[in-house]
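Structure below is query27.txt: compact mmCIF, N, CA and C atoms.
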# COMPACT_ATOMS: atom_id res chain seq x y z
N MET U 1 -5.04 -0.14 -17.95
CA MET U 1 -5.37 -1.42 -18.48
C MET U 1 -4.65 -1.60 -19.81
N LEU U 2 -4.17 -2.79 -20.02
CA LEU U 2 -3.53 -3.16 -21.28
C LEU U 2 -4.38 -4.22 -21.95
N LEU U 3 -4.47 -4.18 -23.26
CA LEU U 3 -5.12 -5.28 -23.94
C LEU U 3 -4.18 -6.47 -23.88
N ALA U 4 -4.39 -7.46 -24.67
CA ALA U 4 -3.65 -8.72 -24.59
C ALA U 4 -2.16 -8.53 -24.37
N THR U 5 -1.62 -9.25 -23.40
CA THR U 5 -0.20 -9.26 -23.10
C THR U 5 0.22 -10.72 -22.98
N PRO U 6 1.54 -11.01 -22.90
CA PRO U 6 1.94 -12.40 -22.71
C PRO U 6 1.36 -13.02 -21.43
N LEU U 7 1.13 -12.20 -20.39
CA LEU U 7 0.56 -12.69 -19.15
C LEU U 7 -0.94 -12.95 -19.28
N CYS U 8 -1.63 -12.08 -19.99
CA CYS U 8 -3.09 -12.13 -20.07
C CYS U 8 -3.55 -12.08 -21.53
N PRO U 9 -4.22 -13.11 -22.01
CA PRO U 9 -4.64 -13.11 -23.41
C PRO U 9 -5.77 -12.15 -23.74
N ASP U 10 -6.53 -11.67 -22.74
CA ASP U 10 -7.64 -10.76 -23.00
C ASP U 10 -7.32 -9.35 -22.52
N GLN U 11 -7.30 -9.11 -21.20
CA GLN U 11 -7.01 -7.79 -20.64
C GLN U 11 -6.08 -7.94 -19.45
N GLU U 12 -5.04 -7.12 -19.37
CA GLU U 12 -4.17 -7.08 -18.20
C GLU U 12 -4.38 -5.75 -17.50
N HIS U 13 -4.59 -5.80 -16.18
CA HIS U 13 -4.81 -4.61 -15.38
C HIS U 13 -3.70 -4.49 -14.35
N ARG U 14 -3.26 -3.27 -14.12
CA ARG U 14 -2.32 -2.94 -13.05
C ARG U 14 -2.94 -1.77 -12.31
N ARG U 15 -3.03 -1.91 -11.00
CA ARG U 15 -3.67 -0.85 -10.23
C ARG U 15 -2.86 -0.56 -8.99
N ASN U 16 -2.68 0.72 -8.71
CA ASN U 16 -2.03 1.17 -7.49
C ASN U 16 -3.01 2.03 -6.72
N GLY U 17 -3.01 1.88 -5.41
CA GLY U 17 -3.91 2.67 -4.60
C GLY U 17 -3.30 2.96 -3.24
N VAL U 18 -3.89 3.90 -2.55
CA VAL U 18 -3.47 4.25 -1.20
C VAL U 18 -4.70 4.07 -0.32
N TYR U 19 -4.55 3.33 0.77
CA TYR U 19 -5.64 3.09 1.70
C TYR U 19 -5.30 3.69 3.05
N THR U 20 -6.20 4.50 3.59
CA THR U 20 -6.07 5.01 4.94
C THR U 20 -6.99 4.18 5.82
N PHE U 21 -6.40 3.46 6.77
CA PHE U 21 -7.17 2.56 7.62
C PHE U 21 -7.72 3.30 8.83
N SER U 22 -8.66 2.65 9.51
CA SER U 22 -9.41 3.30 10.59
C SER U 22 -8.53 3.85 11.70
N GLU U 23 -7.36 3.23 11.96
CA GLU U 23 -6.50 3.77 13.01
C GLU U 23 -5.56 4.85 12.48
N GLY U 24 -5.69 5.21 11.19
CA GLY U 24 -4.94 6.33 10.63
C GLY U 24 -3.72 5.99 9.81
N THR U 25 -3.29 4.72 9.79
CA THR U 25 -2.11 4.38 9.00
C THR U 25 -2.45 4.35 7.51
N VAL U 26 -1.46 4.65 6.71
CA VAL U 26 -1.61 4.64 5.26
C VAL U 26 -0.82 3.46 4.70
N TRP U 27 -1.48 2.62 3.93
CA TRP U 27 -0.86 1.46 3.28
C TRP U 27 -0.98 1.65 1.77
N TRP U 28 -0.02 1.10 1.03
CA TRP U 28 -0.01 1.17 -0.43
C TRP U 28 -0.43 -0.18 -0.99
N TYR U 29 -1.28 -0.14 -1.99
CA TYR U 29 -1.85 -1.33 -2.62
C TYR U 29 -1.40 -1.40 -4.07
N HIS U 30 -0.97 -2.57 -4.50
CA HIS U 30 -0.59 -2.79 -5.90
C HIS U 30 -1.15 -4.13 -6.33
N THR U 31 -1.77 -4.18 -7.49
CA THR U 31 -2.29 -5.44 -8.01
C THR U 31 -2.01 -5.55 -9.51
N VAL U 32 -1.82 -6.76 -9.96
CA VAL U 32 -1.73 -7.11 -11.38
C VAL U 32 -2.69 -8.26 -11.57
N PHE U 33 -3.62 -8.11 -12.51
CA PHE U 33 -4.56 -9.21 -12.73
C PHE U 33 -5.03 -9.27 -14.17
N CYS U 34 -5.47 -10.46 -14.54
CA CYS U 34 -6.04 -10.71 -15.85
C CYS U 34 -7.55 -10.70 -15.71
N ALA U 35 -8.22 -10.20 -16.74
CA ALA U 35 -9.68 -10.14 -16.68
C ALA U 35 -10.28 -10.47 -18.04
N THR U 36 -11.44 -11.07 -17.98
CA THR U 36 -12.24 -11.30 -19.18
C THR U 36 -13.68 -10.92 -18.84
N ILE U 37 -14.42 -10.57 -19.86
CA ILE U 37 -15.85 -10.31 -19.71
C ILE U 37 -16.55 -11.20 -20.72
N ASP U 38 -17.47 -12.04 -20.22
CA ASP U 38 -18.11 -13.00 -21.12
C ASP U 38 -19.32 -12.39 -21.82
N ALA U 39 -19.99 -13.18 -22.64
CA ALA U 39 -21.12 -12.71 -23.43
C ALA U 39 -22.30 -12.27 -22.57
N ASN U 40 -22.35 -12.70 -21.31
CA ASN U 40 -23.42 -12.32 -20.39
C ASN U 40 -23.03 -11.14 -19.51
N ASN U 41 -21.94 -10.46 -19.85
CA ASN U 41 -21.43 -9.30 -19.11
C ASN U 41 -21.00 -9.68 -17.69
N VAL U 42 -20.43 -10.88 -17.54
CA VAL U 42 -19.87 -11.33 -16.27
C VAL U 42 -18.36 -11.16 -16.34
N TRP U 43 -17.82 -10.43 -15.37
CA TRP U 43 -16.39 -10.18 -15.28
C TRP U 43 -15.74 -11.32 -14.50
N LEU U 44 -14.61 -11.83 -14.98
CA LEU U 44 -13.81 -12.82 -14.27
C LEU U 44 -12.40 -12.29 -14.19
N GLY U 45 -11.86 -12.19 -12.97
CA GLY U 45 -10.51 -11.68 -12.77
C GLY U 45 -9.70 -12.62 -11.89
N THR U 46 -8.43 -12.74 -12.20
CA THR U 46 -7.52 -13.54 -11.39
C THR U 46 -6.18 -12.81 -11.34
N GLY U 47 -5.57 -12.76 -10.16
CA GLY U 47 -4.31 -12.04 -10.07
C GLY U 47 -3.69 -12.08 -8.69
N THR U 48 -2.73 -11.20 -8.50
CA THR U 48 -2.00 -11.09 -7.24
C THR U 48 -2.04 -9.65 -6.76
N TYR U 49 -1.74 -9.47 -5.46
CA TYR U 49 -1.69 -8.11 -4.91
C TYR U 49 -0.66 -8.06 -3.79
N THR U 50 -0.23 -6.84 -3.48
CA THR U 50 0.59 -6.58 -2.30
C THR U 50 0.02 -5.37 -1.58
N LEU U 51 0.11 -5.41 -0.26
CA LEU U 51 -0.20 -4.27 0.61
C LEU U 51 1.08 -3.95 1.35
N THR U 52 1.56 -2.73 1.26
CA THR U 52 2.81 -2.32 1.90
C THR U 52 2.50 -1.36 3.04
N SER U 53 2.98 -1.71 4.24
CA SER U 53 2.73 -0.91 5.43
C SER U 53 3.59 0.36 5.41
N PRO U 54 3.32 1.31 6.31
CA PRO U 54 4.15 2.50 6.41
C PRO U 54 5.62 2.16 6.72
N ASN U 55 5.87 1.01 7.35
CA ASN U 55 7.23 0.59 7.69
C ASN U 55 7.89 -0.21 6.58
N GLY U 56 7.19 -0.41 5.46
CA GLY U 56 7.75 -1.16 4.34
C GLY U 56 7.53 -2.66 4.42
N GLU U 57 6.79 -3.12 5.42
CA GLU U 57 6.46 -4.54 5.51
C GLU U 57 5.34 -4.84 4.52
N ILE U 58 5.31 -6.07 4.01
CA ILE U 58 4.42 -6.39 2.91
C ILE U 58 3.53 -7.58 3.25
N LEU U 59 2.25 -7.46 2.91
CA LEU U 59 1.32 -8.58 2.86
C LEU U 59 1.08 -8.88 1.39
N SER U 60 1.12 -10.15 1.01
CA SER U 60 0.91 -10.54 -0.39
C SER U 60 -0.20 -11.57 -0.46
N GLY U 61 -0.87 -11.61 -1.60
CA GLY U 61 -1.92 -12.59 -1.77
C GLY U 61 -2.36 -12.73 -3.20
N ASP U 62 -3.42 -13.51 -3.38
CA ASP U 62 -3.97 -13.73 -4.71
C ASP U 62 -5.48 -13.81 -4.64
N PHE U 63 -6.11 -13.80 -5.81
CA PHE U 63 -7.57 -13.84 -5.87
C PHE U 63 -8.04 -14.39 -7.20
N VAL U 64 -9.23 -14.96 -7.19
CA VAL U 64 -9.98 -15.36 -8.38
C VAL U 64 -11.42 -14.98 -8.07
N ASN U 65 -11.98 -14.07 -8.85
CA ASN U 65 -13.32 -13.56 -8.57
C ASN U 65 -14.12 -13.38 -9.84
N ARG U 66 -15.44 -13.35 -9.67
CA ARG U 66 -16.35 -13.06 -10.78
C ARG U 66 -17.49 -12.20 -10.27
N ALA U 67 -18.04 -11.39 -11.17
CA ALA U 67 -19.16 -10.53 -10.80
C ALA U 67 -19.94 -10.13 -12.03
N GLN U 68 -21.24 -10.02 -11.88
CA GLN U 68 -22.09 -9.48 -12.93
C GLN U 68 -21.83 -7.99 -13.02
N LEU U 69 -21.63 -7.45 -14.22
CA LEU U 69 -21.37 -6.02 -14.41
C LEU U 69 -22.66 -5.30 -14.76
N PRO U 70 -22.84 -4.04 -14.34
CA PRO U 70 -21.97 -3.34 -13.41
C PRO U 70 -22.13 -3.91 -12.00
N THR U 71 -21.15 -3.65 -11.13
CA THR U 71 -21.21 -4.14 -9.75
C THR U 71 -21.56 -3.00 -8.81
N TYR U 72 -22.23 -3.34 -7.76
CA TYR U 72 -22.63 -2.35 -6.78
C TYR U 72 -22.27 -2.85 -5.39
N GLY U 73 -20.97 -2.89 -5.10
CA GLY U 73 -20.50 -3.30 -3.80
C GLY U 73 -20.29 -4.79 -3.66
N VAL U 74 -20.06 -5.48 -4.77
CA VAL U 74 -19.78 -6.91 -4.70
C VAL U 74 -18.50 -7.13 -3.90
N PRO U 75 -18.52 -7.97 -2.87
CA PRO U 75 -17.28 -8.24 -2.12
C PRO U 75 -16.41 -9.24 -2.86
N TYR U 76 -15.19 -8.84 -3.13
CA TYR U 76 -14.23 -9.72 -3.79
C TYR U 76 -13.28 -10.26 -2.72
N PRO U 77 -13.29 -11.57 -2.46
CA PRO U 77 -12.34 -12.11 -1.49
C PRO U 77 -10.94 -12.18 -2.08
N ALA U 78 -9.95 -11.90 -1.26
CA ALA U 78 -8.54 -11.96 -1.65
C ALA U 78 -7.78 -12.69 -0.55
N ARG U 79 -7.10 -13.75 -0.91
CA ARG U 79 -6.39 -14.58 0.06
C ARG U 79 -5.04 -13.96 0.40
N ILE U 80 -4.67 -13.96 1.68
CA ILE U 80 -3.33 -13.54 2.11
C ILE U 80 -2.46 -14.79 2.10
N THR U 81 -1.36 -14.75 1.34
CA THR U 81 -0.50 -15.93 1.22
C THR U 81 0.84 -15.77 1.90
N SER U 82 1.27 -14.53 2.16
CA SER U 82 2.56 -14.35 2.82
C SER U 82 2.68 -12.93 3.37
N GLY U 83 3.67 -12.75 4.24
CA GLY U 83 3.96 -11.44 4.80
C GLY U 83 5.44 -11.33 5.11
N THR U 84 5.91 -10.10 5.29
CA THR U 84 7.31 -9.87 5.65
C THR U 84 7.36 -9.12 6.98
N GLY U 85 8.53 -9.13 7.61
CA GLY U 85 8.72 -8.41 8.87
C GLY U 85 7.77 -8.90 9.93
N ALA U 86 7.08 -7.98 10.59
CA ALA U 86 6.14 -8.33 11.66
C ALA U 86 4.98 -9.17 11.15
N TYR U 87 4.77 -9.21 9.84
CA TYR U 87 3.65 -9.94 9.26
C TYR U 87 4.04 -11.31 8.73
N THR U 88 5.28 -11.74 8.98
CA THR U 88 5.70 -13.07 8.57
C THR U 88 4.82 -14.10 9.27
N GLY U 89 4.29 -15.03 8.51
CA GLY U 89 3.47 -16.09 9.07
C GLY U 89 1.99 -15.79 9.18
N VAL U 90 1.54 -14.59 8.79
CA VAL U 90 0.11 -14.31 8.87
C VAL U 90 -0.62 -15.07 7.77
N ALA U 91 -1.89 -15.28 7.97
CA ALA U 91 -2.75 -15.93 6.99
C ALA U 91 -4.13 -15.32 7.12
N GLY U 92 -4.92 -15.48 6.10
CA GLY U 92 -6.28 -14.99 6.20
C GLY U 92 -6.84 -14.59 4.86
N THR U 93 -7.94 -13.84 4.94
CA THR U 93 -8.64 -13.40 3.75
C THR U 93 -9.04 -11.94 3.92
N CYS U 94 -8.90 -11.18 2.86
CA CYS U 94 -9.39 -9.81 2.83
C CYS U 94 -10.62 -9.77 1.92
N SER U 95 -11.46 -8.79 2.14
CA SER U 95 -12.63 -8.58 1.30
C SER U 95 -12.56 -7.16 0.78
N ILE U 96 -12.64 -7.05 -0.53
CA ILE U 96 -12.57 -5.75 -1.18
C ILE U 96 -13.92 -5.51 -1.87
N ASP U 97 -14.66 -4.50 -1.42
CA ASP U 97 -15.93 -4.15 -2.07
C ASP U 97 -15.64 -3.08 -3.10
N VAL U 98 -16.04 -3.34 -4.34
CA VAL U 98 -15.76 -2.42 -5.43
C VAL U 98 -17.06 -2.11 -6.16
N TYR U 99 -17.24 -0.85 -6.54
CA TYR U 99 -18.38 -0.43 -7.34
C TYR U 99 -17.86 -0.11 -8.74
N LEU U 100 -18.28 -0.88 -9.73
CA LEU U 100 -17.84 -0.66 -11.11
C LEU U 100 -19.02 -0.17 -11.95
N VAL U 101 -18.78 0.87 -12.73
CA VAL U 101 -19.80 1.42 -13.60
C VAL U 101 -19.26 1.49 -15.01
N ASP U 102 -20.15 1.67 -15.99
CA ASP U 102 -19.72 1.77 -17.38
C ASP U 102 -18.88 3.02 -17.57
N GLY U 103 -17.71 2.84 -18.18
CA GLY U 103 -16.85 3.96 -18.53
C GLY U 103 -16.88 4.16 -20.03
N PRO U 104 -16.05 5.06 -20.56
CA PRO U 104 -16.06 5.31 -21.99
C PRO U 104 -15.68 4.08 -22.81
N LEU U 105 -14.76 3.25 -22.30
CA LEU U 105 -14.36 2.04 -23.01
C LEU U 105 -14.59 0.78 -22.21
N TRP U 106 -14.46 0.86 -20.88
CA TRP U 106 -14.51 -0.31 -20.01
C TRP U 106 -15.26 0.03 -18.75
N HIS U 107 -15.50 -0.95 -17.93
CA HIS U 107 -16.06 -0.69 -16.60
C HIS U 107 -14.96 -0.07 -15.74
N VAL U 108 -15.29 0.98 -15.03
CA VAL U 108 -14.33 1.69 -14.20
C VAL U 108 -14.88 1.83 -12.79
N GLU U 109 -13.99 2.04 -11.81
CA GLU U 109 -14.41 2.20 -10.43
C GLU U 109 -15.18 3.51 -10.29
N ASP U 110 -16.32 3.44 -9.61
CA ASP U 110 -17.18 4.60 -9.42
C ASP U 110 -16.53 5.56 -8.42
N PRO U 111 -16.11 6.77 -8.84
CA PRO U 111 -15.44 7.70 -7.92
C PRO U 111 -16.35 8.22 -6.82
N ASN U 112 -17.66 8.11 -7.00
CA ASN U 112 -18.60 8.59 -5.99
C ASN U 112 -18.90 7.57 -4.90
N ARG U 113 -18.44 6.33 -5.09
CA ARG U 113 -18.70 5.27 -4.12
C ARG U 113 -17.42 4.51 -3.86
N PRO U 114 -16.55 5.03 -2.99
CA PRO U 114 -15.31 4.30 -2.72
C PRO U 114 -15.63 2.97 -2.05
N GLY U 115 -14.88 1.95 -2.41
CA GLY U 115 -15.08 0.64 -1.83
C GLY U 115 -14.49 0.54 -0.43
N THR U 116 -14.69 -0.61 0.17
CA THR U 116 -14.11 -0.88 1.48
C THR U 116 -13.11 -2.02 1.36
N PHE U 117 -12.22 -2.09 2.31
CA PHE U 117 -11.18 -3.10 2.33
C PHE U 117 -11.05 -3.56 3.77
N ALA U 118 -11.37 -4.81 4.05
CA ALA U 118 -11.32 -5.33 5.42
C ALA U 118 -10.68 -6.71 5.39
N CYS U 119 -9.95 -7.05 6.45
CA CYS U 119 -9.25 -8.33 6.49
C CYS U 119 -9.58 -9.10 7.76
N ASP U 120 -9.64 -10.41 7.63
CA ASP U 120 -9.75 -11.33 8.76
C ASP U 120 -8.45 -12.12 8.75
N VAL U 121 -7.57 -11.81 9.71
CA VAL U 121 -6.20 -12.32 9.66
C VAL U 121 -5.85 -13.04 10.96
N THR U 122 -5.18 -14.18 10.83
CA THR U 122 -4.61 -14.85 12.00
C THR U 122 -3.12 -14.56 12.03
N GLY U 123 -2.58 -14.44 13.23
CA GLY U 123 -1.16 -14.15 13.38
C GLY U 123 -0.82 -12.69 13.23
N TRP U 124 -1.83 -11.81 13.22
CA TRP U 124 -1.63 -10.36 13.05
C TRP U 124 -0.98 -9.79 14.31
N PRO U 125 0.04 -8.93 14.19
CA PRO U 125 0.71 -8.41 15.37
C PRO U 125 -0.12 -7.41 16.16
N SER U 126 -1.13 -6.83 15.55
CA SER U 126 -2.04 -5.89 16.22
C SER U 126 -3.39 -6.04 15.53
N PRO U 127 -4.45 -5.42 16.04
CA PRO U 127 -5.76 -5.59 15.38
C PRO U 127 -5.69 -5.24 13.91
N PRO U 128 -6.30 -6.05 13.05
CA PRO U 128 -6.25 -5.76 11.62
C PRO U 128 -6.93 -4.45 11.28
N PRO U 129 -6.37 -3.71 10.33
CA PRO U 129 -6.96 -2.40 9.97
C PRO U 129 -8.22 -2.57 9.14
N ARG U 130 -9.04 -1.54 9.17
CA ARG U 130 -10.19 -1.45 8.28
C ARG U 130 -10.10 -0.11 7.57
N ARG U 131 -10.35 -0.12 6.30
CA ARG U 131 -10.30 1.11 5.53
C ARG U 131 -11.51 1.97 5.86
N ARG U 132 -11.31 3.28 5.92
CA ARG U 132 -12.41 4.21 6.17
C ARG U 132 -13.21 4.41 4.92
What would the structure in this file look like if it were written as structure tokens?
Amino acid sequence: MLLATPLCPDQEHRRNGVYTFSEGTVWWYHTVFCATIDANNVWLGTGTYTLTSPNGEILSGDFVNRAQLPTYGVPYPARITSGTGAYTGVAGTCSIDVYLVDGPLWHVEDPNRPGTFACDVTGWPSPPPRRR
């Protein structure tokens, strides 16, 4: 996390992750988003993300979400806006459940409760994956 940047006046976050989906494929996740926490401890985040398949094909999207902190499995919707290769022309929404707990300086993802990542996609070349 970065404090104020030209992109984000409050907090800028960059996150990379690896997701193993139910059929065994591994996809890479990257997101950049801005976040604020208001006086009532409500988190508001807006940003973009990419999911990269094992073949290098990409799903891209954006999101605007809010949640009362700490969160315990709040589903964050993320819109799919584009795809490459076999995923060209797909559309839909993904839901990312995240558990955030108080960290030393900020709210951090709870390592004992991994979130889930599921998508409802039209135009998908095969059944959409679900994270284990």
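One finds atom N of Tyr87 (chain U) at 17.9 Å from atom N of Gly24 (chain U).
Within 9 Å of the point (-13.4, -5.9, -17.4) in file coordinates, and counting only C-alpha atoms, lie the residues Gln11, His13, Cys34, Ala35, Thr36, Ile37, Asn41, Val42, Trp43, Leu44, Gly45, Leu69, Trp106, His107 and Val108 of chain U.
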* **Atom pair atom N of Asp97 (chain U) / atom C of Gly85 (chain U): separation (Å)** =>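 It comes out at 25.5 Å.
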* Atom-to-atom span, atom N of Ile58 (chain U) and CA of Trp27 (chain U), Å ->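 Here the two named atoms are 9.8 Å from each other.
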* To do: Would you list the contacts of Val121 (chain U) as a list in words, taking every protein, DNA or RNA residue within 7 Å and counting only C-alpha atoms, but skipping same-chain residues closer than 4 positions in sequence?
  =>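 The residues that qualify are Val90, Ala91, Gly92, Thr93 and Pro128 of chain U.
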So that all listed atoms of region 48-61 of chain U fit with 3 Å spare on each side, what axis-aligned box centre and edge lengths in Å, to one decimal, would you give as AutoDock Vina command-line options?
--center_x 2.6 --center_y -5.1 --center_z -0.4 --size_x 16.6 --size_y 21.2 --size_z 22.2
* Pick out the closest residue to Thr46 (chain U) from this set: U:Arg79, U:Trp28, U:Asn65, U:Ser60. Count all atoms listed in the file. =>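 Answer, going by the shortest atom-to-atom distance: U:Asn65.
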* To do: Fewer than 3 positions away in the same chain doesn't count, so skip those; otherwise give me all residues within 9 Å of Ser95 (chain U), counting only C-alpha atoms, as an MDAnalysis selection string.
  => chainID U and resid 75:79 116:120
Any chance you could export the current selection's N, CA and C atoms as a compact mmCIF listing (two decimals), in the coordinates of the input?
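The result, stored in out.txt:
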# COMPACT_ATOMS: atom_id res chain seq x y z
N PRO U 75 -18.52 -7.97 -2.87
CA PRO U 75 -17.28 -8.24 -2.12
C PRO U 75 -16.41 -9.24 -2.86
N TYR U 76 -15.19 -8.84 -3.13
CA TYR U 76 -14.23 -9.72 -3.79
C TYR U 76 -13.28 -10.26 -2.72
N PRO U 77 -13.29 -11.57 -2.46
CA PRO U 77 -12.34 -12.11 -1.49
C PRO U 77 -10.94 -12.18 -2.08
N ALA U 78 -9.95 -11.90 -1.26
CA ALA U 78 -8.54 -11.96 -1.65
C ALA U 78 -7.78 -12.69 -0.55
N ARG U 79 -7.10 -13.75 -0.91
CA ARG U 79 -6.39 -14.58 0.06
C ARG U 79 -5.04 -13.96 0.40
N THR U 116 -14.69 -0.61 0.17
CA THR U 116 -14.11 -0.88 1.48
C THR U 116 -13.11 -2.02 1.36
N PHE U 117 -12.22 -2.09 2.31
CA PHE U 117 -11.18 -3.10 2.33
C PHE U 117 -11.05 -3.56 3.77
N ALA U 118 -11.37 -4.81 4.05
CA ALA U 118 -11.32 -5.33 5.42
C ALA U 118 -10.68 -6.71 5.39
N CYS U 119 -9.95 -7.05 6.45
CA CYS U 119 -9.25 -8.33 6.49
C CYS U 119 -9.58 -9.10 7.76
N ASP U 120 -9.64 -10.41 7.63
CA ASP U 120 -9.75 -11.33 8.76
C ASP U 120 -8.45 -12.12 8.75
* **Nearest-residue call for Asn55 (chain U), choices U:Ile96, U:Val32, U:Val26, U:Cys8, using only N, CA and C atoms** =>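 Result for the nearest residue to Asn55 (chain U): U:Val26.
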